[in-house]
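K.L.:
work-v6.cif (mmCIF, C-alpha atoms) pasted underneath:
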data_structure
#
loop_
_atom_site.group_PDB
_atom_site.id
_atom_site.type_symbol
_atom_site.label_atom_id
_atom_site.label_comp_id
_atom_site.auth_asym_id
_atom_site.auth_seq_id
_atom_site.Cartn_x
_atom_site.Cartn_y
_atom_site.Cartn_z
ATOM 1 C CA MET A 3 -224.499 325.495 -56.645
ATOM 2 C CA PRO A 4 -225.711 324.043 -59.961
ATOM 3 C CA LEU A 5 -223.211 321.997 -61.955
ATOM 4 C CA PRO A 6 -223.331 322.946 -65.635
ATOM 5 C CA PHE A 7 -223.039 320.292 -68.309
ATOM 6 C CA LEU A 8 -223.595 320.044 -72.024
ATOM 7 C CA THR A 9 -226.533 318.045 -73.279
ATOM 8 C CA ALA A 10 -226.357 315.667 -76.225
ATOM 9 C CA ASP A 11 -227.194 318.454 -78.667
ATOM 10 C CA GLY A 12 -224.359 320.659 -77.342
ATOM 11 C CA VAL A 13 -226.584 323.155 -75.530
ATOM 12 C CA SER A 14 -225.551 324.207 -72.039
ATOM 13 C CA ASP A 15 -228.144 323.972 -69.299
ATOM 14 C CA VAL A 16 -226.920 327.165 -67.613
ATOM 15 C CA ASP A 17 -227.747 330.732 -68.681
ATOM 16 C CA ASP A 18 -224.845 332.519 -70.302
ATOM 17 C CA ASP A 19 -224.011 335.223 -67.739
ATOM 18 C CA VAL A 20 -220.473 335.770 -69.069
ATOM 19 C CA ASP A 21 -219.350 339.380 -69.085
ATOM 20 C CA GLY A 22 -218.462 340.588 -72.585
ATOM 21 C CA ASP A 23 -215.043 341.847 -71.412
ATOM 22 C CA GLU A 24 -213.898 338.471 -70.119
ATOM 23 C CA ILE A 25 -211.524 336.574 -72.425
ATOM 24 C CA LEU A 26 -211.846 332.825 -72.312
ATOM 25 C CA ALA A 27 -208.758 330.618 -72.404
ATOM 26 C CA HIS A 28 -209.725 329.000 -75.708
ATOM 27 C CA ALA A 29 -210.292 332.419 -77.279
ATOM 28 C CA ASP A 30 -206.664 333.519 -76.773
ATOM 29 C CA GLN A 31 -205.476 333.635 -80.376
ATOM 30 C CA ASP A 32 -201.900 334.703 -79.548
ATOM 31 C CA ARG A 33 -200.954 331.316 -78.123
ATOM 32 C CA TRP A 34 -199.196 328.663 -80.180
ATOM 33 C CA ARG A 35 -201.633 325.807 -80.732
ATOM 34 C CA ARG A 36 -201.615 322.488 -82.496
ATOM 35 C CA PRO A 37 -204.492 322.508 -85.030
ATOM 36 C CA TYR A 38 -205.146 318.797 -84.424
ATOM 37 C CA ARG A 39 -205.128 316.337 -81.545
ATOM 38 C CA PRO A 40 -202.094 314.126 -80.994
ATOM 39 C CA GLY A 41 -202.688 310.691 -82.461
ATOM 40 C CA PRO A 42 -202.967 307.419 -80.560
ATOM 41 C CA TRP A 43 -199.503 306.264 -81.634
ATOM 42 C CA ARG A 44 -197.870 309.422 -80.308
ATOM 43 C CA VAL A 45 -199.825 309.283 -77.053
ATOM 44 C CA GLY A 46 -199.074 305.559 -76.657
ATOM 45 C CA ILE A 47 -195.344 306.076 -77.173
ATOM 46 C CA GLY A 48 -195.398 308.935 -74.645
ATOM 47 C CA ALA A 49 -197.313 306.797 -72.146
ATOM 48 C CA LEU A 50 -194.865 303.910 -72.504
ATOM 49 C CA LEU A 51 -191.939 306.257 -71.969
ATOM 50 C CA LEU A 52 -193.589 307.673 -68.840
ATOM 51 C CA LEU A 53 -194.241 304.138 -67.560
ATOM 52 C CA LEU A 54 -190.578 303.276 -68.141
ATOM 53 C CA SER A 55 -189.529 306.431 -66.303
ATOM 54 C CA ALA A 56 -191.750 305.483 -63.342
ATOM 55 C CA PHE A 57 -189.880 302.177 -63.029
ATOM 56 C CA MET A 58 -186.585 304.005 -63.387
ATOM 57 C CA LEU A 59 -187.550 306.435 -60.607
ATOM 58 C CA LEU A 60 -188.541 303.493 -58.405
ATOM 59 C CA ALA A 61 -185.127 301.941 -59.070
ATOM 60 C CA THR A 62 -183.555 305.296 -58.227
ATOM 61 C CA MET A 63 -185.325 305.309 -54.869
ATOM 62 C CA ILE A 64 -184.228 301.730 -54.110
ATOM 63 C CA ILE A 65 -180.630 302.530 -55.005
ATOM 64 C CA ALA A 66 -180.785 305.683 -52.829
ATOM 65 C CA PHE A 67 -182.022 303.657 -49.833
ATOM 66 C CA ALA A 68 -179.194 301.183 -50.420
ATOM 67 C CA GLY A 69 -176.765 304.067 -49.979
ATOM 68 C CA SER A 70 -175.088 304.149 -53.387
ATOM 69 C CA TRP A 71 -175.193 307.857 -54.238
ATOM 70 C CA GLY A 72 -173.285 307.567 -57.508
ATOM 71 C CA GLY A 73 -175.780 305.010 -58.839
ATOM 72 C CA THR A 74 -178.663 307.138 -57.564
ATOM 73 C CA VAL A 75 -177.494 310.160 -59.544
ATOM 74 C CA VAL A 76 -176.990 308.104 -62.712
ATOM 75 C CA CYS A 77 -180.462 306.518 -62.437
ATOM 76 C CA LEU A 78 -182.089 309.874 -61.659
ATOM 77 C CA VAL A 79 -180.463 311.554 -64.667
ATOM 78 C CA ALA A 80 -181.500 308.660 -66.923
ATOM 79 C CA ALA A 81 -185.091 308.760 -65.614
ATOM 80 C CA LEU A 82 -185.304 312.527 -66.147
ATOM 81 C CA ALA A 83 -183.961 312.082 -69.681
ATOM 82 C CA VAL A 84 -186.727 309.546 -70.394
ATOM 83 C CA VAL A 85 -189.367 311.929 -68.938
ATOM 84 C CA GLY A 86 -187.989 314.736 -71.120
ATOM 85 C CA SER A 87 -188.122 312.436 -74.151
ATOM 86 C CA ALA A 88 -191.767 311.596 -73.410
ATOM 87 C CA VAL A 89 -192.715 315.255 -73.145
ATOM 88 C CA GLN A 90 -190.843 316.155 -76.326
ATOM 89 C CA THR A 91 -192.463 313.211 -78.150
ATOM 90 C CA LEU A 92 -195.867 314.667 -77.296
ATOM 91 C CA ARG A 93 -194.834 318.173 -78.467
ATOM 92 C CA VAL A 94 -193.653 317.075 -81.929
ATOM 93 C CA GLY A 95 -195.839 318.348 -84.762
ATOM 94 C CA VAL A 96 -197.067 321.488 -86.474
ATOM 95 C CA TRP A 97 -198.141 324.452 -84.328
ATOM 96 C CA VAL A 98 -199.782 327.653 -85.556
ATOM 97 C CA SER A 99 -200.462 331.142 -84.227
ATOM 98 C CA PRO A 100 -201.056 334.549 -85.791
ATOM 99 C CA ALA A 101 -197.263 334.974 -85.724
ATOM 100 C CA GLY A 102 -196.587 332.055 -88.058
ATOM 101 C CA LEU A 103 -196.106 328.345 -88.506
ATOM 102 C CA ARG A 104 -193.888 326.281 -86.207
ATOM 103 C CA ARG A 105 -192.542 322.810 -87.040
ATOM 104 C CA VAL A 106 -191.526 321.138 -83.798
ATOM 105 C CA GLY A 107 -189.244 318.147 -84.233
ATOM 106 C CA PHE A 108 -187.673 315.978 -81.568
ATOM 107 C CA PHE A 109 -184.373 317.881 -81.715
ATOM 108 C CA VAL A 110 -185.058 320.914 -83.951
ATOM 109 C CA THR A 111 -187.827 323.504 -83.941
ATOM 110 C CA ARG A 112 -188.253 325.891 -86.867
ATOM 111 C CA THR A 113 -190.620 328.856 -86.867
ATOM 112 C CA LEU A 114 -191.635 330.676 -90.041
ATOM 113 C CA PRO A 115 -193.659 333.878 -90.115
ATOM 114 C CA TRP A 116 -196.738 333.683 -92.323
ATOM 115 C CA SER A 117 -195.070 336.054 -94.806
ATOM 116 C CA GLU A 118 -192.489 333.331 -95.593
ATOM 117 C CA VAL A 119 -195.000 330.508 -95.871
ATOM 118 C CA GLY A 120 -195.692 329.678 -99.487
ATOM 119 C CA GLU A 121 -198.508 327.622 -100.916
ATOM 120 C CA LEU A 122 -199.621 324.634 -98.838
ATOM 121 C CA ARG A 123 -200.506 321.530 -100.866
ATOM 122 C CA THR A 124 -201.454 317.948 -100.129
ATOM 123 C CA VAL A 125 -199.506 315.664 -102.462
ATOM 124 C CA GLN A 126 -199.094 311.932 -103.025
ATOM 125 C CA GLN A 127 -195.479 310.933 -102.426
ATOM 126 C CA PRO A 128 -193.362 308.417 -100.540
ATOM 127 C CA VAL A 129 -193.581 309.272 -96.831
ATOM 128 C CA ARG A 130 -191.826 307.878 -93.790
ATOM 129 C CA TRP A 131 -193.837 305.368 -91.756
ATOM 130 C CA LEU A 132 -194.004 306.503 -88.077
ATOM 131 C CA GLY A 133 -190.872 308.563 -88.663
ATOM 132 C CA LEU A 134 -188.776 305.457 -89.325
ATOM 133 C CA PRO A 135 -186.504 305.100 -92.375
ATOM 134 C CA ARG A 136 -189.053 302.844 -94.121
ATOM 135 C CA THR A 137 -191.105 304.748 -96.709
ATOM 136 C CA VAL A 138 -194.589 303.979 -98.015
ATOM 137 C CA GLN A 139 -196.812 305.718 -100.529
ATOM 138 C CA GLY A 140 -198.988 308.266 -98.759
ATOM 139 C CA GLN A 141 -200.179 311.843 -98.542
ATOM 140 C CA ALA A 142 -198.095 314.719 -97.270
ATOM 141 C CA LEU A 143 -198.899 318.348 -96.551
ATOM 142 C CA THR A 144 -196.045 320.292 -98.120
ATOM 143 C CA MET A 145 -195.173 323.948 -98.217
ATOM 144 C CA SER A 146 -193.752 325.501 -101.358
ATOM 145 C CA ALA A 147 -190.138 326.378 -100.741
ATOM 146 C CA GLN A 148 -188.314 329.496 -101.830
ATOM 147 C CA GLY A 149 -185.601 329.143 -104.443
ATOM 148 C CA GLY A 150 -186.902 325.949 -106.023
ATOM 149 C CA ALA A 151 -185.691 323.709 -103.182
ATOM 150 C CA GLU A 152 -187.516 320.515 -102.299
ATOM 151 C CA PRO A 153 -190.693 321.456 -100.385
ATOM 152 C CA PRO A 154 -190.547 320.646 -96.686
ATOM 153 C CA VAL A 155 -193.085 318.117 -95.422
ATOM 154 C CA LEU A 156 -195.247 319.445 -92.585
ATOM 155 C CA LEU A 157 -197.593 316.496 -91.979
ATOM 156 C CA THR A 158 -197.996 312.992 -93.389
ATOM 157 C CA ASP A 159 -200.830 310.519 -93.146
ATOM 158 C CA HIS A 160 -198.383 307.863 -91.888
ATOM 159 C CA ASN A 161 -196.827 309.725 -88.964
ATOM 160 C CA ALA A 162 -197.612 309.035 -85.297
ATOM 161 C CA ASP A 163 -200.551 311.467 -85.323
ATOM 162 C CA PHE A 164 -202.428 310.236 -88.389
ATOM 163 C CA LEU A 165 -201.574 306.566 -88.997
ATOM 164 C CA SER A 166 -204.897 304.875 -89.927
ATOM 165 C CA ARG A 167 -206.740 308.203 -89.470
ATOM 166 C CA THR A 168 -207.014 309.684 -92.966
ATOM 167 C CA GLU A 169 -210.034 311.846 -92.060
ATOM 168 C CA ALA A 170 -208.068 313.429 -89.220
ATOM 169 C CA PHE A 171 -205.159 314.105 -91.604
ATOM 170 C CA ASP A 172 -207.512 315.794 -94.084
ATOM 171 C CA ARG A 173 -209.035 317.963 -91.327
ATOM 172 C CA ALA A 174 -205.594 318.922 -89.997
ATOM 173 C CA ALA A 175 -204.326 319.817 -93.481
ATOM 174 C CA ASP A 176 -207.441 321.920 -94.083
ATOM 175 C CA THR A 177 -207.037 323.647 -90.709
ATOM 176 C CA VAL A 178 -203.385 324.534 -91.338
ATOM 177 C CA GLY A 179 -204.396 325.816 -94.776
ATOM 178 C CA ALA A 180 -207.157 327.918 -93.213
ATOM 179 C CA TRP A 181 -204.687 329.463 -90.763
ATOM 180 C CA ALA A 182 -202.357 330.242 -93.664
ATOM 181 C CA ASP A 183 -205.172 331.817 -95.690
ATOM 182 C CA GLU A 184 -206.252 333.918 -92.723
ATOM 183 C CA TYR A 185 -202.869 335.211 -91.592
ATOM 184 C CA ARG A 186 -200.656 335.145 -94.698
ATOM 185 C CA PRO A 187 -200.241 338.683 -96.091
ATOM 186 C CA VAL A 188 -202.042 339.293 -99.374
ATOM 187 C CA ALA A 189 -199.852 340.369 -102.287
ATOM 188 C CA ALA A 190 -200.865 343.784 -103.532
#
So, in terms of structure tokens, how does the structure I just supplied come out?
P.N.:
Amino acid sequence: MPLPFLTADGVSDVDDDVDGDEILAHADQDRWRRPYRPGPWRVGIGALLLLLSAFMLLATMIIAFAGSWGGTVVCLVAALAVVGSAVQTLRVGVWVSPAGLRRVGFFVTRTLPWSEVGELRTVQQPVRWLGLPRTVQGQALTMSAQGGAEPPVLLTDHNADFLSRTEAFDRAADTVGAWADEYRPVAA
């Protein structure tokens, strides 16, 4: 059985025998997808939380072997809360699909159909640094709000995905804009 691999120029060494009726996983456009990769800060925070939860689960096992069931339950619940926090930390961001735009926060998720999404613009404004209360001057991808309200910020170049990665922020902003241009209904 030959093992296929991609060469340096991106060409596969195996003949393409794929049936035309087969749908590949990456071609499924109805799934919600993040139009950018999670940044190193977000992945690092998630990894540290998972490492902490591993130690907490080890402590849970030690407490269980000691016979203290009340302490075991408390440690297990705390460890599962840390695992849930790590997973939610990795999910935070902007997700898109043909159905609309989804802003996933740590506690709140808001989904807007493309018909409600206004103009997307990249603007210079004070942005929060890594989601903390401290603000710095940076770029933000904003969406025009209905009724003259302050436009909600979708992405910033100082969040956990794009800190020190301005090219990645520009690509992500362009990709979200391309999804909006493709799926937003055209006014007649």
K.L.:
When distances are computed from only C-alpha atoms, which of A:Arg39, A:Arg167, A:His160, A:Arg93 shows the smallest separation from Gln127 in chain A?
P.N.:
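Closest candidate: A:His160.
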K.L.:
Step by step, work through what the PyMOL selection byres ((chain A and resi 174) around 10) selects in the shown file, and finish by giving those residues as a PyMOL selection string.
P.N.:
chain A and resi 36-39+96+143+157+164+168-173+175-180
K.L.:
Report the distance between CA of Arg112 in chain A and CA of Asp183 in chain A in Å, rounded to one decimal place.
P.N.:
20.0 Å
K.L.:
Enter the distance from CA of Asp159 in chain A to CA of Gly140 in chain A, in Å, rounded to one decimal.
P.N.:
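Value for the CA of Asp159 in chain A-CA of Gly140 in chain A distance: 6.3 Å.
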K.L.:
Would you list the contacts of Val110 in chain A as a ChimeraX atom specification, taking every protein, DNA or RNA residue within 12 Å and counting all atoms listed in the file, but skipping same-chain residues closer than 6 positions in sequence?
P.N.:
/A:90,93-95,104
K.L.:
To one decimal place in Å, what is the distance between CA of Val138 in chain A and CA of Leu156 in chain A?
P.N.:
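These atoms are spaced 16.4 Å apart.
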K.L.:
Compare A:Thr91, A:Ala182, A:Leu114, A:Leu122 by their minimum atom-to-atom distance to Gly46 in chain A, counting all atoms listed in the file, and give me the closest one.
P.N.:
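Among A:Thr91, A:Ala182, A:Leu114, A:Leu122, it is A:Thr91 that comes nearest to Gly46 in chain A.
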K.L.:
List the residues sitting within 6 Å of (-198.1, 338.2, -95.6) in the file's frame, using all atoms listed in the file, as a list in words.
P.N.:
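Final list of nearby residues, as requested, is Trp116, Ser117, Arg186, Pro187 and Val188 of chain A.
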K.L.:
What's around range 52-68 of chain A at 10 Å? Count all atoms listed in the file, leave out sequence neighbours fewer than 5 positions away in its own chain, and write the answer as a list in words.
P.N.:
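Neighbouring residues, sequence-local ones excluded: Gly46, Ile47, Gly73, Thr74, Val75, Val76, Cys77, Leu78, Val79, Ala80, Ala81, Leu82, Ala83, Val84, Val85, Gly86, Ser87, Ala88 and Val89 of chain A.
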K.L.:
Go ahead and write the residues just picked, C-alpha atoms, as a PDB file, keeping the file's coordinate frame.
P.N.:
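Below you can see out.pdb, which holds the result:
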ATOM      1  CA  GLY A  46    -199.074 305.559 -76.657  1.00  0.00           C
ATOM      2  CA  ILE A  47    -195.344 306.076 -77.173  1.00  0.00           C
ATOM      3  CA  GLY A  73    -175.780 305.010 -58.839  1.00  0.00           C
ATOM      4  CA  THR A  74    -178.663 307.138 -57.564  1.00  0.00           C
ATOM      5  CA  VAL A  75    -177.494 310.160 -59.544  1.00  0.00           C
ATOM      6  CA  VAL A  76    -176.990 308.104 -62.712  1.00  0.00           C
ATOM      7  CA  CYS A  77    -180.462 306.518 -62.437  1.00  0.00           C
ATOM      8  CA  LEU A  78    -182.089 309.874 -61.659  1.00  0.00           C
ATOM      9  CA  VAL A  79    -180.463 311.554 -64.667  1.00  0.00           C
ATOM     10  CA  ALA A  80    -181.500 308.660 -66.923  1.00  0.00           C
ATOM     11  CA  ALA A  81    -185.091 308.760 -65.614  1.00  0.00           C
ATOM     12  CA  LEU A  82    -185.304 312.527 -66.147  1.00  0.00           C
ATOM     13  CA  ALA A  83    -183.961 312.082 -69.681  1.00  0.00           C
ATOM     14  CA  VAL A  84    -186.727 309.546 -70.394  1.00  0.00           C
ATOM     15  CA  VAL A  85    -189.367 311.929 -68.938  1.00  0.00           C
ATOM     16  CA  GLY A  86    -187.989 314.736 -71.120  1.00  0.00           C
ATOM     17  CA  SER A  87    -188.122 312.436 -74.151  1.00  0.00           C
ATOM     18  CA  ALA A  88    -191.767 311.596 -73.410  1.00  0.00           C
ATOM     19  CA  VAL A  89    -192.715 315.255 -73.145  1.00  0.00           C
TER      20      VAL A  89
END
K.L.:
Which residue, A:Ser146, A:Ser99, A:Ser70, A:Ser166, has the smallest gap to Val125 in chain A when you use all atoms listed in the file?
P.N.:
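Result for the nearest residue to Val125 in chain A: A:Ser146.
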K.L.:
For Arg105 in chain A, which of A:Met145, A:Val129, A:Leu51, A:Leu134 is the closest residue, counting all atoms listed in the file?
P.N.:
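Answer, going by the shortest atom-to-atom distance: A:Met145.
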K.L.:
Ranking A:Pro115, A:Leu92, A:Pro135, A:Trp71 by minimum distance to Pro40 in chain A and counting all atoms listed in the file, which one comes first?
P.N.:
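Residue with the minimum atom-to-atom distance to Pro40 in chain A: A:Leu92.
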